[in-house]
$ cat my_file00.txt   # compact mmCIF, C-alpha atoms
# COMPACT_ATOMS: atom_id res chain seq x y z
CA MET A 47 0.00 0.00 0.00
CA TYR A 48 1.13 3.53 -0.61
CA LEU A 49 0.18 7.10 0.22
CA ALA A 50 -1.17 9.27 -2.61
CA LYS A 51 -3.07 12.46 -3.31
CA VAL A 52 -6.19 12.54 -5.52
CA ILE A 53 -5.33 14.77 -8.50
CA GLY A 54 -7.99 14.06 -11.10
CA VAL A 55 -10.69 12.00 -12.74
CA VAL A 56 -10.51 9.61 -15.70
CA VAL A 57 -13.58 9.64 -17.93
CA SER A 58 -14.18 6.51 -19.99
CA THR A 59 -17.62 5.85 -21.49
CA HIS A 60 -16.54 2.78 -23.47
CA LYS A 61 -15.12 0.32 -20.95
CA GLU A 62 -15.26 -3.22 -19.69
CA GLU A 63 -18.78 -4.07 -18.49
CA THR A 64 -17.74 -4.82 -14.90
CA LEU A 65 -16.27 -1.31 -14.48
CA ARG A 66 -19.61 0.47 -15.12
CA GLY A 67 -20.53 2.72 -12.22
CA GLU A 68 -17.06 2.69 -10.68
CA LYS A 69 -15.39 6.05 -9.95
CA ILE A 70 -12.02 6.09 -11.75
CA LEU A 71 -9.56 8.53 -10.18
CA LEU A 72 -6.06 9.71 -10.92
CA VAL A 73 -3.70 9.78 -7.93
CA GLN A 74 -0.15 10.97 -7.39
CA PRO A 75 1.93 8.77 -5.05
CA ILE A 76 3.57 10.92 -2.35
CA ASP A 77 6.15 10.51 0.40
CA THR A 78 5.72 11.44 4.05
CA ASN A 79 6.52 15.10 3.21
CA GLU A 80 3.68 14.97 0.64
CA ASP A 81 6.24 15.35 -2.19
CA PRO A 82 5.41 13.40 -5.38
CA THR A 83 7.21 10.07 -5.97
CA GLY A 84 7.02 8.46 -9.39
CA ASN A 85 4.24 8.65 -11.98
CA SER A 86 0.53 9.20 -11.41
CA GLN A 87 -1.64 6.08 -11.23
CA VAL A 88 -5.24 5.23 -12.08
CA VAL A 89 -7.27 3.74 -9.22
CA ILE A 90 -10.87 2.90 -8.33
CA ASP A 91 -12.37 4.67 -5.34
CA THR A 92 -14.13 2.65 -2.63
CA VAL A 93 -14.45 5.24 0.12
CA GLY A 94 -15.71 8.46 -1.47
CA ALA A 95 -12.38 10.29 -1.70
CA GLY A 96 -12.35 13.84 -3.10
CA ALA A 97 -9.87 15.97 -5.05
CA GLY A 98 -6.79 16.92 -3.04
CA GLU A 99 -7.33 14.38 -0.26
CA MET A 100 -4.50 12.16 0.99
CA VAL A 101 -5.47 8.52 0.53
CA LEU A 102 -4.24 4.97 1.04
CA VAL A 103 -4.02 2.84 -2.14
CA ALA A 104 -3.96 -0.98 -2.21
CA THR A 105 -2.71 -2.78 -5.33
CA GLY A 106 -2.80 -6.11 -7.13
CA SER A 107 -5.35 -8.85 -6.52
CA SER A 108 -5.83 -7.43 -3.00
CA ALA A 109 -7.36 -4.29 -4.52
CA ARG A 110 -10.30 -6.07 -6.10
CA GLN A 111 -11.41 -8.07 -3.05
CA VAL A 112 -13.67 -5.31 -1.80
CA PHE A 113 -15.76 -4.81 -4.91
CA GLN A 114 -19.23 -6.27 -5.39
CA ASN A 115 -17.84 -8.10 -8.40
CA PRO A 116 -14.41 -9.44 -7.43
CA GLN A 117 -13.93 -10.43 -11.10
CA ALA A 118 -13.74 -6.79 -12.18
CA PRO A 119 -10.35 -5.98 -13.76
CA ILE A 120 -9.26 -3.68 -10.94
CA ASP A 121 -5.61 -3.71 -9.80
CA ALA A 122 -5.54 -0.58 -7.61
CA ALA A 123 -8.10 0.88 -5.20
CA ILE A 124 -8.37 3.68 -2.69
CA VAL A 125 -9.12 1.89 0.59
CA GLY A 126 -8.82 4.74 3.11
CA ILE A 127 -8.74 8.51 3.51
CA VAL A 128 -5.68 9.45 5.56
CA ASP A 129 -6.23 11.80 8.49
CA TYR A 130 -2.52 12.20 9.13
CA VAL A 131 0.77 10.35 9.15
CA GLU A 132 2.87 10.34 12.30
CA VAL A 133 6.55 9.82 11.50
CA THR A 134 8.36 8.61 14.60
CA GLY A 135 11.54 6.92 13.44
CA MET B 184 -4.07 0.69 -13.68
CA TYR B 185 -2.28 3.10 -15.94
CA LEU B 186 -2.92 5.38 -18.91
CA ALA B 187 -1.37 4.37 -22.26
CA LYS B 188 -1.58 5.01 -25.97
CA VAL B 189 -1.99 2.19 -28.49
CA ILE B 190 1.12 2.24 -30.70
CA GLY B 191 1.17 -1.08 -32.52
CA VAL B 192 0.25 -4.71 -33.00
CA VAL B 193 2.16 -7.87 -32.06
CA VAL B 194 1.77 -10.71 -34.55
CA SER B 195 2.37 -14.21 -33.19
CA THR B 196 1.10 -17.22 -35.09
CA HIS B 197 2.77 -19.78 -32.83
CA LYS B 198 1.44 -19.13 -29.34
CA GLU B 199 -0.17 -20.67 -26.31
CA GLU B 200 -3.52 -22.29 -27.23
CA THR B 201 -5.61 -20.10 -24.89
CA LEU B 202 -4.36 -16.92 -26.60
CA ARG B 203 -5.78 -17.84 -30.03
CA GLY B 204 -8.15 -15.18 -31.31
CA GLU B 205 -6.99 -12.53 -28.84
CA LYS B 206 -5.87 -9.16 -30.19
CA ILE B 207 -2.33 -8.50 -28.94
CA LEU B 208 -1.46 -4.80 -28.89
CA LEU B 209 1.59 -2.73 -28.07
CA VAL B 210 0.96 0.27 -25.82
CA GLN B 211 3.09 3.13 -24.56
CA PRO B 212 2.37 4.17 -20.95
CA ILE B 213 1.83 7.96 -20.77
CA ASP B 214 1.45 10.62 -18.10
CA THR B 215 -1.37 13.17 -17.84
CA ASN B 216 0.38 15.36 -20.45
CA GLU B 217 0.38 12.35 -22.78
CA ASP B 218 4.18 12.18 -22.58
CA PRO B 219 5.68 8.65 -22.62
CA THR B 220 6.73 7.12 -19.28
CA GLY B 221 8.86 3.96 -19.29
CA ASN B 222 8.96 1.16 -21.84
CA SER B 223 6.20 -0.03 -24.16
CA GLN B 224 4.12 -2.99 -22.94
CA VAL B 225 2.23 -5.83 -24.59
CA VAL B 226 -1.46 -6.09 -23.66
CA ILE B 227 -4.61 -7.91 -24.74
CA ASP B 228 -7.50 -5.77 -25.94
CA THR B 229 -10.99 -6.32 -24.50
CA VAL B 230 -12.79 -3.20 -25.72
CA GLY B 231 -11.92 -2.77 -29.42
CA ALA B 232 -9.25 -0.07 -29.01
CA GLY B 233 -7.62 1.35 -32.14
CA ALA B 234 -4.20 2.78 -33.02
CA GLY B 235 -3.49 6.11 -31.36
CA GLU B 236 -6.30 5.89 -28.81
CA MET B 237 -5.72 6.64 -25.13
CA VAL B 238 -6.63 3.61 -23.05
CA LEU B 239 -6.78 2.30 -19.50
CA VAL B 240 -4.67 -0.81 -18.80
CA ALA B 241 -5.21 -3.23 -15.90
CA THR B 242 -2.39 -5.58 -14.86
CA GLY B 243 -1.68 -8.79 -12.97
CA SER B 244 -4.28 -11.43 -12.12
CA SER B 245 -6.93 -8.70 -12.31
CA ALA B 246 -6.30 -8.38 -16.04
CA ARG B 247 -7.38 -11.91 -16.85
CA GLN B 248 -10.68 -11.92 -14.95
CA VAL B 249 -12.63 -10.58 -17.91
CA PHE B 250 -11.63 -13.18 -20.48
CA GLN B 251 -13.82 -16.13 -21.46
CA ASN B 252 -10.98 -18.35 -20.30
CA PRO B 253 -9.66 -16.89 -17.04
CA GLN B 254 -6.83 -19.46 -17.24
CA ALA B 255 -5.30 -17.71 -20.26
CA PRO B 256 -1.76 -16.45 -19.48
CA ILE B 257 -2.72 -12.77 -19.69
CA ASP B 258 -1.17 -10.29 -17.26
CA ALA B 259 -2.21 -6.98 -18.87
CA ALA B 260 -5.42 -5.93 -20.62
CA ILE B 261 -6.98 -2.80 -22.07
CA VAL B 262 -10.19 -2.36 -20.05
CA GLY B 263 -11.38 1.06 -21.22
CA ILE B 264 -10.98 3.72 -23.89
CA VAL B 265 -10.31 7.06 -22.21
CA ASP B 266 -12.44 10.02 -23.34
CA TYR B 267 -10.42 12.51 -21.35
CA VAL B 268 -8.56 13.01 -18.09
CA GLU B 269 -9.47 15.93 -15.86
CA VAL B 270 -6.56 16.98 -13.68
CA THR B 271 -7.87 18.96 -10.71
CA GLY B 272 -5.18 18.82 -8.04
CA MET C 30 10.02 -10.16 1.13
CA TYR C 31 12.18 -7.27 2.20
CA LEU C 32 13.81 -5.81 5.30
CA ALA C 33 12.42 -2.54 6.64
CA LYS C 34 12.37 -0.31 9.69
CA VAL C 35 9.13 0.90 11.30
CA ILE C 36 9.14 4.71 11.01
CA GLY C 37 5.57 5.79 11.68
CA VAL C 38 1.84 5.29 11.90
CA VAL C 39 -0.89 6.08 9.36
CA VAL C 40 -4.15 7.27 10.91
CA SER C 41 -7.28 6.77 8.80
CA THR C 42 -10.69 6.90 10.43
CA HIS C 43 -12.65 6.67 7.16
CA LYS C 44 -11.53 3.45 5.50
CA GLU C 45 -12.70 0.24 3.90
CA GLU C 46 -14.78 -1.79 6.38
CA THR C 47 -12.45 -4.83 6.38
CA LEU C 48 -9.50 -2.69 7.51
CA ARG C 49 -11.15 -1.63 10.81
CA GLY C 50 -9.00 -2.58 13.78
CA GLU C 51 -5.87 -3.18 11.72
CA LYS C 52 -2.68 -1.35 12.72
CA ILE C 53 -1.45 0.61 9.69
CA LEU C 54 2.28 1.35 9.86
CA LEU C 55 4.76 3.24 7.75
CA VAL C 56 8.03 1.41 7.05
CA GLN C 57 11.28 2.34 5.32
CA PRO C 58 12.85 -0.47 3.27
CA ILE C 59 16.52 -0.89 4.23
CA ASP C 60 19.56 -2.81 3.00
CA THR C 61 21.80 -5.06 5.09
CA ASN C 62 23.68 -1.99 6.39
CA GLU C 63 20.31 -0.61 7.53
CA ASP C 64 20.58 2.20 4.95
CA PRO C 65 17.27 3.26 3.34
CA THR C 66 16.47 1.92 -0.15
CA GLY C 67 13.61 3.48 -2.11
CA ASN C 68 10.43 5.09 -0.79
CA SER C 69 8.58 4.39 2.43
CA GLN C 70 5.67 1.93 2.23
CA VAL C 71 2.41 1.44 4.10
CA VAL C 72 1.92 -2.00 5.65
CA ILE C 73 -0.37 -3.80 8.09
CA ASP C 74 1.20 -5.21 11.23
CA THR C 75 0.55 -8.83 12.22
CA VAL C 76 3.18 -9.35 14.91
CA GLY C 77 3.05 -6.32 17.20
CA ALA C 78 6.05 -4.43 15.76
CA GLY C 79 7.06 -1.15 17.38
CA ALA C 80 8.69 2.09 16.20
CA GLY C 81 12.32 1.67 15.15
CA GLU C 82 12.23 -2.12 14.98
CA MET C 83 13.69 -3.99 12.00
CA VAL C 84 10.97 -6.11 10.40
CA LEU C 85 10.29 -8.51 7.55
CA VAL C 86 7.59 -7.42 5.08
CA ALA C 87 5.67 -9.74 2.73
CA THR C 88 3.83 -8.30 -0.28
CA GLY C 89 1.09 -9.04 -2.79
CA SER C 90 -1.62 -11.66 -2.34
CA SER C 91 0.74 -13.51 0.02
CA ALA C 92 0.46 -10.64 2.50
CA ARG C 93 -3.27 -11.05 3.08
CA GLN C 94 -3.28 -14.81 3.72
CA VAL C 95 -2.69 -14.38 7.43
CA PHE C 96 -5.56 -12.06 8.23
CA GLN C 97 -8.84 -13.19 9.74
CA ASN C 98 -10.54 -11.82 6.65
CA PRO C 99 -8.40 -12.83 3.64
CA GLN C 100 -10.64 -10.59 1.49
CA ALA C 101 -9.30 -7.46 3.17
CA PRO C 102 -7.54 -5.19 0.63
CA ILE C 103 -4.08 -5.69 2.13
CA ASP C 104 -1.06 -5.97 -0.18
CA ALA C 105 1.79 -5.65 2.35
CA ALA C 106 2.18 -7.00 5.89
CA ILE C 107 4.83 -7.18 8.59
CA VAL C 108 5.26 -10.93 9.17
CA GLY C 109 8.29 -11.00 11.45
CA ILE C 110 10.47 -8.93 13.77
CA VAL C 111 14.12 -9.37 12.76
CA ASP C 112 16.58 -10.21 15.55
CA TYR C 113 19.58 -9.85 13.27
CA VAL C 114 20.84 -10.47 9.75
CA GLU C 115 23.98 -12.50 9.26
CA VAL C 116 25.69 -11.62 5.97
CA THR C 117 28.02 -14.43 4.95
CA GLY C 118 28.63 -14.10 1.23
CA MET D 84 3.43 -9.05 -21.01
CA TYR D 85 6.67 -7.97 -22.59
CA LEU D 86 8.81 -8.62 -25.65
CA ALA D 87 12.11 -10.46 -25.14
CA LYS D 88 14.82 -12.36 -26.96
CA VAL D 89 15.93 -15.84 -25.88
CA ILE D 90 19.61 -15.55 -24.90
CA GLY D 91 20.43 -18.69 -22.95
CA VAL D 92 19.57 -21.73 -20.87
CA VAL D 93 19.60 -22.20 -17.09
CA VAL D 94 20.71 -25.66 -15.97
CA SER D 95 19.50 -26.75 -12.53
CA THR D 96 19.56 -30.41 -11.57
CA HIS D 97 18.58 -29.86 -7.95
CA LYS D 98 15.24 -28.04 -8.05
CA GLU D 99 11.68 -28.00 -6.77
CA GLU D 100 9.89 -31.25 -7.75
CA THR D 101 7.17 -29.55 -9.81
CA LEU D 102 9.79 -27.92 -12.08
CA ARG D 103 11.20 -31.26 -13.31
CA GLY D 104 11.03 -31.52 -17.09
CA GLU D 105 10.42 -27.81 -17.62
CA LYS D 106 12.74 -25.94 -20.01
CA ILE D 107 14.26 -23.00 -18.09
CA LEU D 108 15.41 -20.22 -20.41
CA LEU D 109 17.16 -16.89 -20.00
CA VAL D 110 15.58 -13.99 -21.89
CA GLN D 111 16.54 -10.37 -22.43
CA PRO D 112 13.58 -7.93 -22.44
CA ILE D 113 13.72 -5.70 -25.56
CA ASP D 114 11.95 -2.65 -26.93
CA THR D 115 10.33 -2.30 -30.36
CA ASN D 116 13.77 -1.60 -31.90
CA GLU D 117 14.98 -4.87 -30.38
CA ASP D 118 17.31 -2.95 -28.05
CA PRO D 119 17.72 -4.45 -24.54
CA THR D 120 15.71 -2.89 -21.67
CA GLY D 121 16.60 -3.81 -18.10
CA ASN D 122 18.07 -7.05 -16.76
CA SER D 123 17.75 -10.54 -18.17
CA GLN D 124 15.00 -12.74 -16.68
CA VAL D 125 14.51 -16.45 -16.13
CA VAL D 126 11.35 -17.91 -17.69
CA ILE D 127 9.77 -21.28 -18.45
CA ASP D 128 9.10 -22.10 -22.08
CA THR D 129 5.65 -23.34 -23.15
CA VAL D 130 5.88 -23.01 -26.93
CA GLY D 131 9.23 -24.50 -28.00
CA ALA D 132 11.16 -21.23 -28.39
CA GLY D 133 14.76 -21.37 -29.59
CA ALA D 134 17.90 -19.27 -29.05
CA GLY D 135 17.70 -15.83 -30.64
CA GLU D 136 13.94 -15.87 -31.21
CA MET D 137 11.75 -12.92 -30.25
CA VAL D 138 9.12 -14.06 -27.77
CA LEU D 139 6.19 -12.85 -25.69
CA VAL D 140 6.54 -13.33 -21.91
CA ALA D 141 3.66 -13.39 -19.41
CA THR D 142 4.35 -12.84 -15.70
CA GLY D 143 2.90 -13.39 -12.25
CA SER D 144 0.11 -15.85 -11.41
CA SER D 145 -1.03 -15.57 -15.05
CA ALA D 146 2.18 -17.27 -16.16
CA ARG D 147 1.48 -20.52 -14.34
CA GLN D 148 -2.10 -21.05 -15.57
CA VAL D 149 -0.97 -22.94 -18.65
CA PHE D 150 1.13 -25.61 -16.97
CA GLN D 151 -0.08 -29.12 -16.27
CA ASN D 152 0.57 -28.43 -12.61
CA PRO D 153 -0.71 -24.89 -11.89
CA GLN D 154 0.87 -25.22 -8.43
CA ALA D 155 4.38 -25.15 -9.91
CA PRO D 156 6.36 -22.12 -8.63
CA ILE D 157 6.49 -20.41 -12.03
CA ASP D 158 6.13 -16.62 -12.24
CA ALA D 159 7.19 -16.02 -15.86
CA ALA D 160 6.53 -18.01 -19.05
CA ILE D 161 7.09 -17.69 -22.77
CA VAL D 162 3.57 -17.83 -24.23
CA GLY D 163 4.21 -16.95 -27.89
CA ILE D 164 6.88 -16.67 -30.57
CA VAL D 165 6.65 -13.23 -32.18
CA ASP D 166 6.57 -13.11 -36.00
CA TYR D 167 6.85 -9.34 -36.10
CA VAL D 168 5.76 -6.17 -34.35
CA GLU D 169 4.00 -3.47 -36.35
CA VAL D 170 4.47 -0.04 -34.78
CA THR D 171 1.78 2.32 -36.04
CA GLY D 172 1.53 5.18 -33.57
CA MET E 58 12.12 -15.75 -11.86
CA TYR E 59 15.60 -14.38 -11.38
CA LEU E 60 19.14 -15.53 -10.68
CA ALA E 61 20.63 -14.72 -7.28
CA LYS E 62 23.44 -15.64 -4.91
CA VAL E 63 22.81 -16.64 -1.29
CA ILE E 64 24.56 -14.02 0.89
CA GLY E 65 23.13 -14.44 4.37
CA VAL E 66 20.55 -15.55 6.88
CA VAL E 67 17.72 -13.58 8.51
CA VAL E 68 17.03 -14.55 12.12
CA SER E 69 13.54 -13.80 13.41
CA THR E 70 12.25 -15.50 16.55
CA HIS E 71 9.03 -13.50 16.76
CA LYS E 72 7.22 -14.08 13.46
CA GLU E 73 3.93 -15.07 11.87
CA GLU E 74 2.93 -18.59 13.02
CA THR E 75 2.94 -20.11 9.51
CA LEU E 76 6.61 -19.14 9.00
CA ARG E 77 7.88 -21.24 11.92
CA GLY E 78 10.49 -23.73 10.77
CA GLU E 79 11.09 -22.02 7.43
CA LYS E 80 14.70 -21.10 6.51
CA ILE E 81 14.79 -17.36 5.78
CA LEU E 82 17.71 -16.41 3.54
CA LEU E 83 19.11 -13.20 2.15
CA VAL E 84 19.95 -13.28 -1.57
CA GLN E 85 21.59 -10.84 -3.97
CA PRO E 86 20.05 -10.79 -7.47
CA ILE E 87 22.81 -11.17 -10.12
CA ASP E 88 23.15 -10.94 -13.88
CA THR E 89 24.66 -13.57 -16.18
CA ASN E 90 28.17 -12.32 -15.30
CA GLU E 91 27.30 -12.88 -11.62
CA ASP E 92 27.45 -9.12 -11.03
CA PRO E 93 24.89 -7.78 -8.50
CA THR E 94 21.74 -6.09 -9.86
CA GLY E 95 19.54 -4.10 -7.48
CA ASN E 96 18.98 -4.61 -3.76
CA SER E 97 19.21 -7.81 -1.74
CA GLN E 98 15.95 -9.69 -1.14
CA VAL E 99 14.61 -11.95 1.59
CA VAL E 100 13.43 -15.39 0.42
CA ILE E 101 12.38 -18.74 1.85
CA ASP E 102 14.46 -21.75 0.90
CA THR E 103 12.76 -24.89 -0.46
CA VAL E 104 15.75 -26.81 -1.80
CA GLY E 105 18.49 -26.68 0.83
CA ALA E 106 20.59 -23.90 -0.70
CA GLY E 107 23.83 -22.90 1.02
CA ALA E 108 25.86 -19.70 1.38
CA GLY E 109 27.47 -18.55 -1.88
CA GLU E 110 25.40 -20.82 -4.14
CA MET E 111 23.74 -19.49 -7.30
CA VAL E 112 19.99 -20.06 -7.08
CA LEU E 113 16.74 -19.53 -8.95
CA VAL E 114 14.12 -17.41 -7.13
CA ALA E 115 10.38 -17.42 -7.89
CA THR E 116 8.20 -14.53 -6.69
CA GLY E 117 4.61 -13.54 -5.95
CA SER E 118 1.77 -15.99 -5.37
CA SER E 119 3.72 -18.55 -7.42
CA ALA E 120 6.37 -18.67 -4.68
CA ARG E 121 4.03 -19.99 -2.01
CA GLN E 122 2.48 -22.84 -4.03
CA VAL E 123 5.17 -25.29 -2.97
CA PHE E 124 4.89 -24.92 0.78
CA GLN E 125 3.00 -27.32 3.01
CA ASN E 126 0.84 -24.39 4.04
CA PRO E 127 0.05 -22.38 0.90
CA GLN E 128 -1.50 -19.73 3.16
CA ALA E 129 1.90 -18.81 4.58
CA PRO E 130 2.78 -15.15 3.81
CA ILE E 131 5.65 -16.03 1.46
CA ASP E 132 6.20 -13.95 -1.68
CA ALA E 133 9.66 -15.20 -2.74
CA ALA E 134 11.23 -18.67 -2.66
CA ILE E 135 14.39 -20.39 -3.81
CA VAL E 136 13.12 -23.12 -6.15
CA GLY E 137 16.37 -24.40 -7.68
CA ILE E 138 20.15 -24.49 -7.27
CA VAL E 139 21.75 -23.38 -10.55
CA ASP E 140 24.52 -25.61 -11.94
CA TYR E 141 25.41 -23.16 -14.68
CA VAL E 142 23.92 -20.66 -17.12
CA GLU E 143 24.71 -21.05 -20.81
CA VAL E 144 24.43 -17.73 -22.64
CA THR E 145 23.96 -18.32 -26.37
CA GLY E 146 22.43 -15.17 -27.83
$ encode --input "my_file00.txt" --output "structure tokens"
Amino acid sequence: MYLAKVIGVVVSTHKEETLRGEKILLVQPIDTNEDPTGNSQVVIDTVGAGAGEMVLVATGSSARQVFQNPQAPIDAAIVGIVDYVEVTG
Amino acid sequence: MYLAKVIGVVVSTHKEETLRGEKILLVQPIDTNEDPTGNSQVVIDTVGAGAGEMVLVATGSSARQVFQNPQAPIDAAIVGIVDYVEVTG
Amino acid sequence: MYLAKVIGVVVSTHKEETLRGEKILLVQPIDTNEDPTGNSQVVIDTVGAGAGEMVLVATGSSARQVFQNPQAPIDAAIVGIVDYVEVTG
Amino acid sequence: MYLAKVIGVVVSTHKEETLRGEKILLVQPIDTNEDPTGNSQVVIDTVGAGAGEMVLVATGSSARQVFQNPQAPIDAAIVGIVDYVEVTG
Amino acid sequence: MYLAKVIGVVVSTHKEETLRGEKILLVQPIDTNEDPTGNSQVVIDTVGAGAGEMVLVATGSSARQVFQNPQAPIDAAIVGIVDYVEVTG
């Protein structure tokens, strides 16, 4: 899982049947200073995240476990909105 | 999932049985400015994408869920044609 | 699997139902000299690891096998506290 | 999936039981100009590929679907011999 | 799968129940010239590999197929001892 910030929306009217109704967002992975790390990613939202919010993204087969249809071709999902990160070490 | 542009076709007559009839495309991952990021990838098309179109690619075991034969050795699939990306953040 | 050091906590009150009660930690991957390698990662703790401890992290679908609910969207988990690493080669 | 060229053979007499009889090849990932990209990888052949041939490699859990024993520890497989790649975009 | 050299042992007394009794090794990925590539990795041994030996490592869900308990959180395993690599291309 990684930290990211919601930076946009992907609009796709012609898509795989099992993705209909899913909210497709663009996120920017960030580090603990909220600086961008690597390229933006496309993810499906499961928690109602909004633009600019810091979120937690799960990837791979783990990401699609929480959808009504676990056979949807989803490999990345927002699974939490982050209140804050406490760096201690 | 990631954004990509369809840039070619891979022709393979001698291939694994379960891949027969699948359209094998070459895509270039892109960022939100449509600039290339990283190497081109080989993916299977599920939505009828054409050359030059911006698409959404799913990877890993998630990619093969949507095929008639989920035991096909497919680890990347085009699952949507992207109308546009709205960057808000 | 990789070696990492626990460097923080991620607080998320609004998250996917199956993640409730899980301890979400921030870890820094390290090499055998305990120097950082790459970006920090978000993981779920299964062994009661504390701040500053060296731990072993498992990733992907393997990471979620050990949770009560294997359908939780978890793609990285601390599966051991490392006493020491003996480099011989 | 990615394009690669077969560049060698890995000989291992002492190996996991389920890998007995499998042909273990070394491949070099390549781009559309057939230039090398990244490190060589070890893959299992399913289509009778020979040295120097351009092939299509599938990875992850998808790679092991096509083997008689889908519980073999195989995370990369040659699933097609590439006749040619047509770059259009 | 990738080639690696066994370079150490990871000692962890407090770990996930399903890992008890497993030999946890540290390996250095190498190229065909036996030069190191990237960071060291932590893997579980299935074939009795020793320090300094060249081995074959499988990753992801494929890695845990060969263990008595396929629900163990193992994402990388040594599945063969390499006699030699013959580079032909």
$ interface_residues --input "my_file00.txt" --of "chain D" --to "chain E" --cutoff "9 Å" --atoms "all atoms listed in the file" --output "tab-separated table (two decimals) with C-alpha atoms, in the frame of the given file"
chain	number	residue	atom	x	y	z
D	88	LYS	CA	14.82	-12.36	-26.96
D	89	VAL	CA	15.93	-15.84	-25.88
D	90	ILE	CA	19.61	-15.55	-24.90
D	91	GLY	CA	20.43	-18.69	-22.95
D	92	VAL	CA	19.57	-21.73	-20.87
D	93	VAL	CA	19.60	-22.20	-17.09
D	94	VAL	CA	20.71	-25.66	-15.97
D	95	SER	CA	19.50	-26.75	-12.53
D	96	THR	CA	19.56	-30.41	-11.57
D	97	HIS	CA	18.58	-29.86	-7.95
D	98	LYS	CA	15.24	-28.04	-8.05
D	99	GLU	CA	11.68	-28.00	-6.77
D	100	GLU	CA	9.89	-31.25	-7.75
D	101	THR	CA	7.17	-29.55	-9.81
D	102	LEU	CA	9.79	-27.92	-12.08
D	109	LEU	CA	17.16	-16.89	-20.00
D	122	ASN	CA	18.07	-7.05	-16.76
D	123	SER	CA	17.75	-10.54	-18.17
D	124	GLN	CA	15.00	-12.74	-16.68
D	125	VAL	CA	14.51	-16.45	-16.13
D	126	VAL	CA	11.35	-17.91	-17.69
D	127	ILE	CA	9.77	-21.28	-18.45
D	134	ALA	CA	17.90	-19.27	-29.05
D	135	GLY	CA	17.70	-15.83	-30.64
D	143	GLY	CA	2.90	-13.39	-12.25
D	144	SER	CA	0.11	-15.85	-11.41
D	146	ALA	CA	2.18	-17.27	-16.16
D	147	ARG	CA	1.48	-20.52	-14.34
D	153	PRO	CA	-0.71	-24.89	-11.89
D	154	GLN	CA	0.87	-25.22	-8.43
D	155	ALA	CA	4.38	-25.15	-9.91
D	156	PRO	CA	6.36	-22.12	-8.63
D	157	ILE	CA	6.49	-20.41	-12.03
D	158	ASP	CA	6.13	-16.62	-12.24
D	159	ALA	CA	7.19	-16.02	-15.86
$ atom_distance --input "my_file00.txt" --atom1 "atom CA of C:Asp74" --atom2 "atom CA of A:Asp91"
23.6 Å
$ atom_distance --input "my_file00.txt" --atom1 "atom CA of A:Asn115" --atom2 "atom CA of D:Gln151"
28.6 Å
$ atom_distance --input "my_file00.txt" --atom1 "atom CA of D:Ile107" --atom2 "atom CA of B:Gln211"
29.1 Å
